[in-house]
Structures are given as structure tokens and as C-alpha cells.
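Next comes upload.cif, a file with mmCIF, C-alpha atoms and all ligand atoms.
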```cif
data_protein
#
loop_
_atom_site.group_PDB
_atom_site.id
_atom_site.type_symbol
_atom_site.label_atom_id
_atom_site.label_comp_id
_atom_site.auth_asym_id
_atom_site.auth_seq_id
_atom_site.Cartn_x
_atom_site.Cartn_y
_atom_site.Cartn_z
ATOM 1 C CA MET A 1 -18.015 -25.946 -11.999
ATOM 2 C CA PRO A 2 -15.713 -28.489 -13.758
ATOM 3 C CA GLN A 3 -13.570 -26.812 -16.436
ATOM 4 C CA GLU A 4 -14.870 -29.109 -19.219
ATOM 5 C CA MET A 5 -18.376 -27.701 -18.725
ATOM 6 C CA ILE A 6 -17.147 -24.185 -19.527
ATOM 7 C CA GLN A 7 -16.655 -23.340 -23.177
ATOM 8 C CA PRO A 8 -13.371 -21.714 -24.234
ATOM 9 C CA GLU A 9 -14.788 -18.209 -24.315
ATOM 10 C CA GLY A 10 -15.980 -18.603 -20.714
ATOM 11 C CA ARG A 11 -19.678 -19.150 -21.404
ATOM 12 C CA SER A 12 -21.112 -22.307 -19.843
ATOM 13 C CA ALA A 13 -21.840 -25.273 -22.141
ATOM 14 C CA PRO A 14 -25.357 -25.698 -23.585
ATOM 15 C CA GLY A 15 -27.736 -26.980 -20.900
ATOM 16 C CA VAL A 16 -25.408 -25.906 -18.097
ATOM 17 C CA GLU A 17 -26.124 -22.651 -16.352
ATOM 18 C CA ASP A 18 -23.593 -20.641 -14.455
ATOM 19 C CA PRO A 19 -24.994 -17.291 -13.356
ATOM 20 C CA ILE A 20 -21.509 -15.846 -13.010
ATOM 21 C CA THR A 21 -19.891 -16.734 -16.346
ATOM 22 C CA ASP A 22 -23.194 -16.158 -18.181
ATOM 23 C CA THR A 23 -23.423 -12.588 -16.908
ATOM 24 C CA ALA A 24 -23.127 -9.974 -19.631
ATOM 25 C CA GLY A 25 -19.873 -8.122 -19.053
ATOM 26 C CA TYR A 26 -18.077 -11.092 -17.422
ATOM 27 C CA HIS A 27 -15.177 -10.603 -19.837
ATOM 28 C CA ASP A 28 -15.219 -6.832 -19.562
ATOM 29 C CA SER A 29 -12.377 -6.569 -17.039
ATOM 30 C CA GLU A 30 -10.048 -3.964 -18.550
ATOM 31 C CA SER A 31 -9.045 -1.091 -16.290
ATOM 32 C CA ARG A 32 -11.176 2.060 -16.610
ATOM 33 C CA ILE A 33 -9.491 4.129 -13.922
ATOM 34 C CA ALA A 34 -6.354 4.513 -15.985
ATOM 35 C CA ILE A 35 -4.144 6.993 -17.784
ATOM 36 C CA TRP A 36 -3.561 5.996 -21.417
ATOM 37 C CA GLY A 37 -4.470 2.426 -20.504
ATOM 38 C CA HIS A 38 -2.165 2.246 -17.455
ATOM 39 C CA PRO A 39 -4.200 1.379 -14.304
ATOM 40 C CA LEU A 40 -3.916 4.122 -11.667
ATOM 41 C CA HIS A 41 -4.433 1.662 -8.796
ATOM 42 C CA ALA A 42 -1.301 -0.297 -9.680
ATOM 43 C CA MET A 43 0.685 2.965 -9.794
ATOM 44 C CA SER A 44 -0.657 4.288 -6.495
ATOM 45 C CA VAL A 45 -0.258 1.193 -4.281
ATOM 46 C CA ALA A 46 3.549 1.471 -4.316
ATOM 47 C CA PHE A 47 3.364 4.419 -1.878
ATOM 48 C CA PRO A 48 1.378 2.837 1.008
ATOM 49 C CA VAL A 49 3.305 -0.427 0.586
ATOM 50 C CA ALA A 50 6.694 1.309 0.900
ATOM 51 C CA LEU A 51 5.582 3.631 3.719
ATOM 52 C CA THR A 52 4.169 0.726 5.753
ATOM 53 C CA PHE A 53 7.610 -0.903 5.637
ATOM 54 C CA CYS A 54 9.248 2.454 6.511
ATOM 55 C CA ALA A 55 7.067 2.835 9.635
ATOM 56 C CA PHE A 56 8.069 -0.615 10.895
ATOM 57 C CA GLY A 57 11.736 0.020 10.059
ATOM 58 C CA ALA A 58 11.725 3.352 11.927
ATOM 59 C CA ASP A 59 10.068 1.671 14.949
ATOM 60 C CA LEU A 60 12.751 -1.013 14.969
ATOM 61 C CA PHE A 61 15.505 1.641 14.834
ATOM 62 C CA TYR A 62 13.847 3.544 17.701
ATOM 63 C CA TRP A 63 13.618 0.360 19.771
ATOM 64 C CA TRP A 64 17.261 -0.435 19.038
ATOM 65 C CA SER A 65 18.767 3.061 19.436
ATOM 66 C CA GLY A 66 16.335 5.034 21.590
ATOM 67 C CA ALA A 67 16.914 8.060 19.281
ATOM 68 C CA THR A 68 13.729 10.160 19.200
ATOM 69 C CA ARG A 69 14.163 11.024 15.507
ATOM 70 C CA TRP A 70 13.160 7.451 14.649
ATOM 71 C CA ALA A 71 9.917 7.736 16.631
ATOM 72 C CA TRP A 72 9.202 10.990 14.769
ATOM 73 C CA ALA A 73 9.998 9.284 11.432
ATOM 74 C CA ALA A 74 7.667 6.396 12.321
ATOM 75 C CA TYR A 75 4.919 8.892 13.156
ATOM 76 C CA TRP A 76 5.217 10.473 9.708
ATOM 77 C CA ALA A 77 5.599 7.166 7.888
ATOM 78 C CA SER A 78 2.515 5.671 9.570
ATOM 79 C CA GLY A 79 0.439 8.793 8.786
ATOM 80 C CA THR A 80 1.465 8.990 5.149
ATOM 81 C CA ALA A 81 1.026 5.210 4.728
ATOM 82 C CA PHE A 82 -2.579 5.667 5.880
ATOM 83 C CA LEU A 83 -3.295 8.707 3.682
ATOM 84 C CA PHE A 84 -1.712 7.229 0.541
ATOM 85 C CA GLY A 85 -3.467 3.936 1.372
ATOM 86 C CA LEU A 86 -6.810 5.743 1.453
ATOM 87 C CA ALA A 87 -6.086 7.302 -1.951
ATOM 88 C CA ALA A 88 -5.015 3.950 -3.475
ATOM 89 C CA GLY A 89 -8.060 2.267 -1.907
ATOM 90 C CA ALA A 90 -10.433 4.916 -3.296
ATOM 91 C CA ILE A 91 -9.008 4.396 -6.794
ATOM 92 C CA GLY A 92 -9.275 0.602 -6.403
ATOM 93 C CA THR A 93 -12.870 0.923 -5.208
ATOM 94 C CA LEU A 94 -13.791 3.054 -8.236
ATOM 95 C CA GLU A 95 -12.258 0.359 -10.456
ATOM 96 C CA LEU A 96 -14.137 -2.394 -8.612
ATOM 97 C CA LEU A 97 -17.494 -0.653 -8.897
ATOM 98 C CA SER A 98 -17.179 0.610 -12.458
ATOM 99 C CA VAL A 99 -15.829 -2.469 -14.282
ATOM 100 C CA PRO A 100 -18.474 -5.246 -14.648
ATOM 101 C CA GLY A 101 -15.947 -8.080 -15.101
ATOM 102 C CA ILE A 102 -14.149 -7.062 -11.896
ATOM 103 C CA ARG A 103 -17.315 -6.372 -9.890
ATOM 104 C CA ILE A 104 -18.742 -9.851 -10.623
ATOM 105 C CA ARG A 105 -15.710 -11.774 -9.317
ATOM 106 C CA ALA A 106 -15.596 -12.815 -5.651
ATOM 107 C CA MET A 107 -11.770 -12.599 -5.701
ATOM 108 C CA ALA A 108 -11.992 -8.838 -6.228
ATOM 109 C CA TRP A 109 -14.254 -8.470 -3.176
ATOM 110 C CA THR A 110 -11.887 -10.621 -1.102
ATOM 111 C CA HIS A 111 -9.132 -8.158 -2.030
ATOM 112 C CA PHE A 112 -11.389 -5.288 -0.958
ATOM 113 C CA ILE A 113 -11.968 -6.892 2.469
ATOM 114 C CA ILE A 114 -8.254 -7.572 3.080
ATOM 115 C CA ALA A 115 -7.487 -3.977 2.012
ATOM 116 C CA MET A 116 -10.108 -2.634 4.448
ATOM 117 C CA LEU A 117 -8.406 -4.545 7.281
ATOM 118 C CA LEU A 118 -5.113 -2.973 6.204
ATOM 119 C CA LEU A 119 -6.517 0.575 6.038
ATOM 120 C CA SER A 120 -8.180 0.212 9.466
ATOM 121 C CA LEU A 121 -4.901 -0.961 10.941
ATOM 122 C CA LEU A 122 -2.901 1.865 9.327
ATOM 123 C CA GLY A 123 -5.421 4.419 10.620
ATOM 124 C CA LEU A 124 -5.353 2.947 14.119
ATOM 125 C CA ASN A 125 -1.548 2.950 14.143
ATOM 126 C CA TRP A 126 -1.384 6.630 13.151
ATOM 127 C CA GLY A 127 -4.201 7.680 15.496
ATOM 128 C CA TRP A 128 -2.537 5.901 18.423
ATOM 129 C CA ARG A 129 0.694 7.857 17.793
ATOM 130 C CA MET A 130 -1.236 11.137 17.962
ATOM 131 C CA THR A 131 -1.631 10.471 21.690
ATOM 132 C CA GLY A 132 2.172 10.887 22.022
ATOM 133 C CA TRP A 133 4.404 9.947 19.105
ATOM 134 C CA GLN A 134 7.355 8.829 21.245
ATOM 135 C CA GLU A 135 5.600 6.939 24.055
ATOM 136 C CA ALA A 136 3.284 5.283 21.523
ATOM 137 C CA VAL A 137 6.031 3.210 19.897
ATOM 138 C CA LEU A 138 6.643 0.601 22.605
ATOM 139 C CA PRO A 139 4.960 -1.774 22.671
ATOM 140 C CA TRP A 140 1.719 -1.064 20.768
ATOM 141 C CA GLY A 141 3.071 1.107 17.964
ATOM 142 C CA ILE A 142 5.720 -1.367 16.875
ATOM 143 C CA LEU A 143 3.279 -4.285 17.211
ATOM 144 C CA MET A 144 0.761 -2.517 14.951
ATOM 145 C CA SER A 145 3.496 -1.610 12.449
ATOM 146 C CA GLY A 146 4.722 -5.207 12.370
ATOM 147 C CA PHE A 147 1.209 -6.547 11.860
ATOM 148 C CA SER A 148 0.606 -3.911 9.142
ATOM 149 C CA VAL A 149 3.641 -5.218 7.255
ATOM 150 C CA LEU A 150 2.157 -8.729 7.278
ATOM 151 C CA VAL A 151 -1.235 -7.451 6.086
ATOM 152 C CA VAL A 152 0.249 -5.199 3.372
ATOM 153 C CA VAL A 153 2.238 -8.165 2.037
ATOM 154 C CA ALA A 154 -0.979 -10.236 1.956
ATOM 155 C CA THR A 155 -2.889 -7.387 0.242
ATOM 156 C CA GLY A 156 -0.199 -6.831 -2.379
ATOM 157 C CA TRP A 157 0.211 -10.541 -3.067
ATOM 158 C CA HIS A 158 -3.542 -10.926 -3.457
ATOM 159 C CA GLY A 159 -3.738 -7.868 -5.754
ATOM 160 C CA GLY A 160 -1.033 -9.468 -7.884
ATOM 161 C CA LYS A 161 -3.150 -12.625 -8.153
ATOM 162 C CA LEU A 162 -6.057 -10.544 -9.477
ATOM 163 C CA VAL A 163 -3.821 -9.185 -12.215
ATOM 164 C CA PHE A 164 -1.555 -12.111 -13.095
ATOM 165 C CA ASP A 165 -3.874 -15.104 -12.506
ATOM 166 C CA TYR A 166 -7.266 -13.584 -13.362
ATOM 167 C CA GLY A 167 -6.142 -10.884 -15.807
ATOM 168 C CA LEU A 168 -8.205 -8.200 -14.057
ATOM 169 C CA GLY A 169 -7.346 -4.626 -14.944
ATOM 170 C CA THR A 170 -5.157 -5.775 -17.837
ATOM 171 C CA SER A 171 -5.410 -4.685 -21.446
ATOM 172 C CA LYS A 172 -7.020 -7.189 -23.810
ATOM 173 C CA GLY A 173 -5.081 -5.624 -26.664
ATOM 174 C CA SER A 174 -7.908 -3.498 -28.071
ATOM 175 C CA SER A 175 -5.986 -0.272 -27.497
ATOM 176 C CA ARG A 176 -2.687 -1.578 -28.859
ATOM 177 C CA PRO A 177 -1.499 -0.200 -32.165
ATOM 178 C CA SER A 178 -1.584 -2.873 -34.841
ATOM 179 C CA GLY A 179 1.607 -4.208 -36.403
HETATM 180 C C1 LIG B 201 -9.636 -0.553 -0.644
HETATM 181 C C2 LIG B 201 -10.066 -1.090 -1.699
HETATM 182 C C3 LIG B 201 -9.258 -1.715 -2.826
HETATM 183 C C4 LIG B 201 -9.856 -2.209 -3.929
HETATM 184 C C5 LIG B 201 -11.346 -2.225 -4.232
HETATM 185 C C6 LIG B 201 -8.829 -2.754 -4.784
HETATM 186 C C7 LIG B 201 -9.054 -3.335 -6.021
HETATM 187 C C8 LIG B 201 -8.076 -3.839 -6.851
HETATM 188 C C9 LIG B 201 -8.299 -4.333 -8.190
HETATM 189 C C10 LIG B 201 -9.660 -4.360 -8.894
HETATM 190 C C11 LIG B 201 -7.109 -4.761 -8.685
HETATM 191 C C12 LIG B 201 -6.860 -5.377 -10.086
HETATM 192 C C13 LIG B 201 -6.079 -4.408 -10.963
HETATM 193 C C14 LIG B 201 -6.850 -3.193 -11.356
HETATM 194 O O1 LIG B 201 -7.990 -3.319 -11.825
HETATM 195 O O2 LIG B 201 -6.310 -2.076 -11.161
HETATM 196 C C15 LIG B 201 -6.102 -4.540 -7.654
HETATM 197 C C16 LIG B 201 -4.771 -4.836 -7.767
HETATM 198 C C17 LIG B 201 -3.836 -4.615 -6.788
HETATM 199 N N1 LIG B 201 -4.055 -4.072 -5.545
HETATM 200 FE FE1 LIG B 201 -5.809 -3.338 -4.847
HETATM 201 N N2 LIG B 201 -7.606 -2.586 -4.162
HETATM 202 C C18 LIG B 201 -7.822 -1.946 -2.965
HETATM 203 C C19 LIG B 201 -6.835 -1.567 -2.068
HETATM 204 C C20 LIG B 201 -5.491 -1.914 -2.147
HETATM 205 C C21 LIG B 201 -4.475 -1.557 -1.202
HETATM 206 C C22 LIG B 201 -4.725 -0.701 0.060
HETATM 207 C C23 LIG B 201 -3.310 -2.122 -1.634
HETATM 208 C C24 LIG B 201 -1.930 -2.078 -1.015
HETATM 209 C C25 LIG B 201 -1.492 -1.123 -0.277
HETATM 210 C C26 LIG B 201 -3.586 -2.827 -2.866
HETATM 211 C C27 LIG B 201 -2.641 -3.521 -3.608
HETATM 212 C C28 LIG B 201 -2.848 -4.022 -4.871
HETATM 213 C C29 LIG B 201 -1.795 -4.547 -5.728
HETATM 214 C C30 LIG B 201 -0.306 -4.653 -5.386
HETATM 215 C C31 LIG B 201 -2.407 -4.919 -6.929
HETATM 216 C C32 LIG B 201 -1.697 -5.533 -8.156
HETATM 217 C C33 LIG B 201 -1.317 -4.398 -9.090
HETATM 218 C C34 LIG B 201 -0.536 -4.886 -10.301
HETATM 219 O O3 LIG B 201 0.324 -5.753 -10.155
HETATM 220 O O4 LIG B 201 -0.759 -4.366 -11.426
HETATM 221 N N3 LIG B 201 -4.923 -2.685 -3.145
HETATM 222 N N4 LIG B 201 -6.723 -3.982 -6.550
#
```

Take the structure in the file and write it out as C-alpha cells.
Ligand code: HEM
Amino acid sequence: MPQEMIQPEGRSAPGVEDPITDTAGYHDSESRIAIWGHPLHAMSVAFPVALTFCAFGADLFYWWSGATRWAWAAYWASGTAFLFGLAAGAIGTLELLSVPGIRIRAMAWTHFIIAMLLLSLLGLNWGWRMTGWQEAVLPWGILMSGFSVLVVVATGWHGGKLVFDYGLGTSKGSSRPSG
């Protein structure tokens, strides 16, 4: 819908119907899964993001050096990336389902789908290494780790768009002390 047909507060202009912006709760997009107003999802995603990079880094070092400790490190990093990713994803899903202004926006569901691709990939990577953590690295382990890095960057970038461009999960100032 052209921007001029939407009134400043987001409701569509008289005579123009937009089922999305007219939905009650469209502007209710503050985080509910939060501690003292700080969204838990934003706090928890740092762990799977960092561990996904660690798994790829350890794979590269194993490829370069042949030292088994790097294959072992990659095994642990890929497993913990998956488990922390599941926890961050569960928190994000609770946020998505419980906040009307987040649930109504297609962008939030796009983020969910990209995140599901990421979690499937992280789980596959870890599961594959359970068949033999050292032999699993080359070539499939390192390929999956490398692809996971690309997908985690896409997921994180897209999550940032939800927050910084669409203001989802942000405080509207209601809980701020006055003055
Ligand atoms: C699996 C389901 C997921 C859902 C439903 C989901 C949902 C959301 C939502 C609603 C936001 C907006 C902020 C908020 O309300 O907290 C967000 C932000 C974000 N998400 Fe997710 N998310 C999921 C998984 C992930 C995963 C696996 C990652 C990365 C490992 C991720 C990375 C991010 C990042 C980086 C932000 C921006 C945080 C900020 O800058 O404050 N998300 N996500």
C-alpha cells in the first residue's frame, strides 16, 4: 500500500482497508520474553552465533594442521552451537507467538524460516560428527560448517532488521522512568 494512504499512527486512511495495519495489536510489538524489559532472545543469540564461527574456525585449523584436537574442538563447538541455537530459537518462537504486533508481520515469519534452516543445518553438522568426529571433518563437516556461517550471518542480519528497521521487540518507552 502506498505510504500516503497510511495515516501516521499506522491505521489505513478512511475508505482504505488494510487487514494488516487495521488489526488490533498491530502496534503491540514490545518484547514480552524479557528480563526487566531486556529481550532474552537478543541476549541468547550471541552464543550460537559465536559457536557457529568457532566450529568453522576449528575445522579450518584441523584441515591446515591435521592436529586431532581441532577436530575434537569442532565437534564440541558444532554440538553446543546447535543446543544454544535451539534454546535461542525456542525463546524467539515464544516471542513470535505471544506478541501480536510481531506475530502479524510477515518479516518475523521470514526470520523464523531462515532460523529453522540454520538449526537444521547445525543439527545435521553435529549429528554427522557423531559418526566419527575426526573422519567427519573432511570434506562434509567443514562444508556444513562453512555453509552454517553463511546462514548464521543471514539470520543475524535479518534479526537486526526486525529490531532496527521495524522496531520489533523494542521498548516504546512505557517502562522508562520519567524525567
Ligand atoms: C527459531 C526461531 C526464531 C524466532 C521465532 C526468532 C524471532 C525473533 C524476533 C521476534 C526478533 C525481534 C526481537 C525480539 O522480539 O526479541 C528476533 C531478533 C533477532 N534474532 Fe531471532 N528468532 C529465531 C531464531 C534465531 C536464531 C537461531 C538466531 C541466530 C543464531 C537469531 C538471531 C537474531 C538476532 C541477531 C536478532 C536481533 C537482536 C537484536 O539486535 O536485538 N534468531 N528474532

- Pick from A:Ile104, A:Ala73, A:Val45, A:Leu96, whichever lies nearest to Ala24 in chain A using only C-alpha atoms: A:Ile104

- Query: What does the distance between CA of Ala58 in chain A and CA of Val152 in chain A come to in Å, to one decimal place?
  - Reply: 16.7 Å

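Minimum distance to ligand LIG 201 (chain B) across A:Gly37, A:Gly57, A:Gly66, A:Gly156 (counting only C-alpha atoms and all ligand atoms) occurs at A:Gly156.
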
Counting only C-alpha atoms and all ligand atoms, name the residues that have an atom within 6 Å of an atom of ligand LIG 201 (chain B); the answer should be given as a PDB file with C-alpha atoms, in the coordinates of the input.
```
ATOM      1  CA  SER A  31      -9.045  -1.091 -16.290  1.00  0.00           C
ATOM      2  CA  PRO A  39      -4.200   1.379 -14.304  1.00  0.00           C
ATOM      3  CA  HIS A  41      -4.433   1.662  -8.796  1.00  0.00           C
ATOM      4  CA  ALA A  42      -1.301  -0.297  -9.680  1.00  0.00           C
ATOM      5  CA  VAL A  45      -0.258   1.193  -4.281  1.00  0.00           C
ATOM      6  CA  PRO A  48       1.378   2.837   1.008  1.00  0.00           C
ATOM      7  CA  VAL A  49       3.305  -0.427   0.586  1.00  0.00           C
ATOM      8  CA  GLY A  85      -3.467   3.936   1.372  1.00  0.00           C
ATOM      9  CA  ALA A  88      -5.015   3.950  -3.475  1.00  0.00           C
ATOM     10  CA  GLY A  89      -8.060   2.267  -1.907  1.00  0.00           C
ATOM     11  CA  GLY A  92      -9.275   0.602  -6.403  1.00  0.00           C
ATOM     12  CA  THR A  93     -12.870   0.923  -5.208  1.00  0.00           C
ATOM     13  CA  GLU A  95     -12.258   0.359 -10.456  1.00  0.00           C
ATOM     14  CA  LEU A  96     -14.137  -2.394  -8.612  1.00  0.00           C
ATOM     15  CA  ALA A 108     -11.992  -8.838  -6.228  1.00  0.00           C
ATOM     16  CA  PHE A 112     -11.389  -5.288  -0.958  1.00  0.00           C
ATOM     17  CA  ALA A 115      -7.487  -3.977   2.012  1.00  0.00           C
ATOM     18  CA  MET A 116     -10.108  -2.634   4.448  1.00  0.00           C
ATOM     19  CA  VAL A 152       0.249  -5.199   3.372  1.00  0.00           C
ATOM     20  CA  THR A 155      -2.889  -7.387   0.242  1.00  0.00           C
ATOM     21  CA  GLY A 156      -0.199  -6.831  -2.379  1.00  0.00           C
ATOM     22  CA  GLY A 159      -3.738  -7.868  -5.754  1.00  0.00           C
ATOM     23  CA  GLY A 160      -1.033  -9.468  -7.884  1.00  0.00           C
ATOM     24  CA  LEU A 162      -6.057 -10.544  -9.477  1.00  0.00           C
ATOM     25  CA  VAL A 163      -3.821  -9.185 -12.215  1.00  0.00           C
ATOM     26  CA  LEU A 168      -8.205  -8.200 -14.057  1.00  0.00           C
ATOM     27  CA  GLY A 169      -7.346  -4.626 -14.944  1.00  0.00           C
TER      28      GLY A 169
END
```

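Checking A:Val16, A:Ala106, A:Ile33, A:Ala55 one by one against Gly79 in chain A, counting all atoms listed in the file, you find the shortest gap at A:Ala55.
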
- Item | A:Leu143, A:Met107, A:Met43, A:Ile20 ranked by distance to Leu121 in chain A, top pick (using all atoms listed in the file) |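 With all atoms listed in the file as the atom set, the closest residue is A:Leu143.
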
- Exactly which residues make up the result of the PyMOL selection byres (((chain A and resi 27) around 12) and not hetatm) on this file, given as JSON, numbers by chain? {"A": [9, 10, 11, 20, 21, 22, 23, 24, 25, 26, 28, 29, 30, 31, 99, 100, 101, 102, 103, 104, 105, 166, 167, 168, 169, 170, 171, 172]}

Could you dump the residues just selected with C-alpha atoms as a PDB file, in the frame of the given file?
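What follows is the written file result08.pdb:
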```pdb
ATOM      1  CA  GLU A   9     -14.788 -18.209 -24.315  1.00  0.00           C
ATOM      2  CA  GLY A  10     -15.980 -18.603 -20.714  1.00  0.00           C
ATOM      3  CA  ARG A  11     -19.678 -19.150 -21.404  1.00  0.00           C
ATOM      4  CA  ILE A  20     -21.509 -15.846 -13.010  1.00  0.00           C
ATOM      5  CA  THR A  21     -19.891 -16.734 -16.346  1.00  0.00           C
ATOM      6  CA  ASP A  22     -23.194 -16.158 -18.181  1.00  0.00           C
ATOM      7  CA  THR A  23     -23.423 -12.588 -16.908  1.00  0.00           C
ATOM      8  CA  ALA A  24     -23.127  -9.974 -19.631  1.00  0.00           C
ATOM      9  CA  GLY A  25     -19.873  -8.122 -19.053  1.00  0.00           C
ATOM     10  CA  TYR A  26     -18.077 -11.092 -17.422  1.00  0.00           C
ATOM     11  CA  ASP A  28     -15.219  -6.832 -19.562  1.00  0.00           C
ATOM     12  CA  SER A  29     -12.377  -6.569 -17.039  1.00  0.00           C
ATOM     13  CA  GLU A  30     -10.048  -3.964 -18.550  1.00  0.00           C
ATOM     14  CA  SER A  31      -9.045  -1.091 -16.290  1.00  0.00           C
ATOM     15  CA  VAL A  99     -15.829  -2.469 -14.282  1.00  0.00           C
ATOM     16  CA  PRO A 100     -18.474  -5.246 -14.648  1.00  0.00           C
ATOM     17  CA  GLY A 101     -15.947  -8.080 -15.101  1.00  0.00           C
ATOM     18  CA  ILE A 102     -14.149  -7.062 -11.896  1.00  0.00           C
ATOM     19  CA  ARG A 103     -17.315  -6.372  -9.890  1.00  0.00           C
ATOM     20  CA  ILE A 104     -18.742  -9.851 -10.623  1.00  0.00           C
ATOM     21  CA  ARG A 105     -15.710 -11.774  -9.317  1.00  0.00           C
ATOM     22  CA  TYR A 166      -7.266 -13.584 -13.362  1.00  0.00           C
ATOM     23  CA  GLY A 167      -6.142 -10.884 -15.807  1.00  0.00           C
ATOM     24  CA  LEU A 168      -8.205  -8.200 -14.057  1.00  0.00           C
ATOM     25  CA  GLY A 169      -7.346  -4.626 -14.944  1.00  0.00           C
ATOM     26  CA  THR A 170      -5.157  -5.775 -17.837  1.00  0.00           C
ATOM     27  CA  SER A 171      -5.410  -4.685 -21.446  1.00  0.00           C
ATOM     28  CA  LYS A 172      -7.020  -7.189 -23.810  1.00  0.00           C
TER      29      LYS A 172
END
```

- Message: Going by the chain IDs and residue numbers used in this file, which residues fall under the PyMOL selection byres (((chain A and resi 122) around 12) and not hetatm)? Write them as a ChimeraX atom specification.
- Response: /A:48-49,51-53,55-56,74-86,115-121,123-129,141-152

- Task: Please indicate the distance in Å from CA of Pro139 in chain A to CA of Trp63 in chain A, rounded to one decimal place.
- Result: 9.4 Å

- CA of Trp70 in chain A to CA of Ala136 in chain A measures 12.2 Å
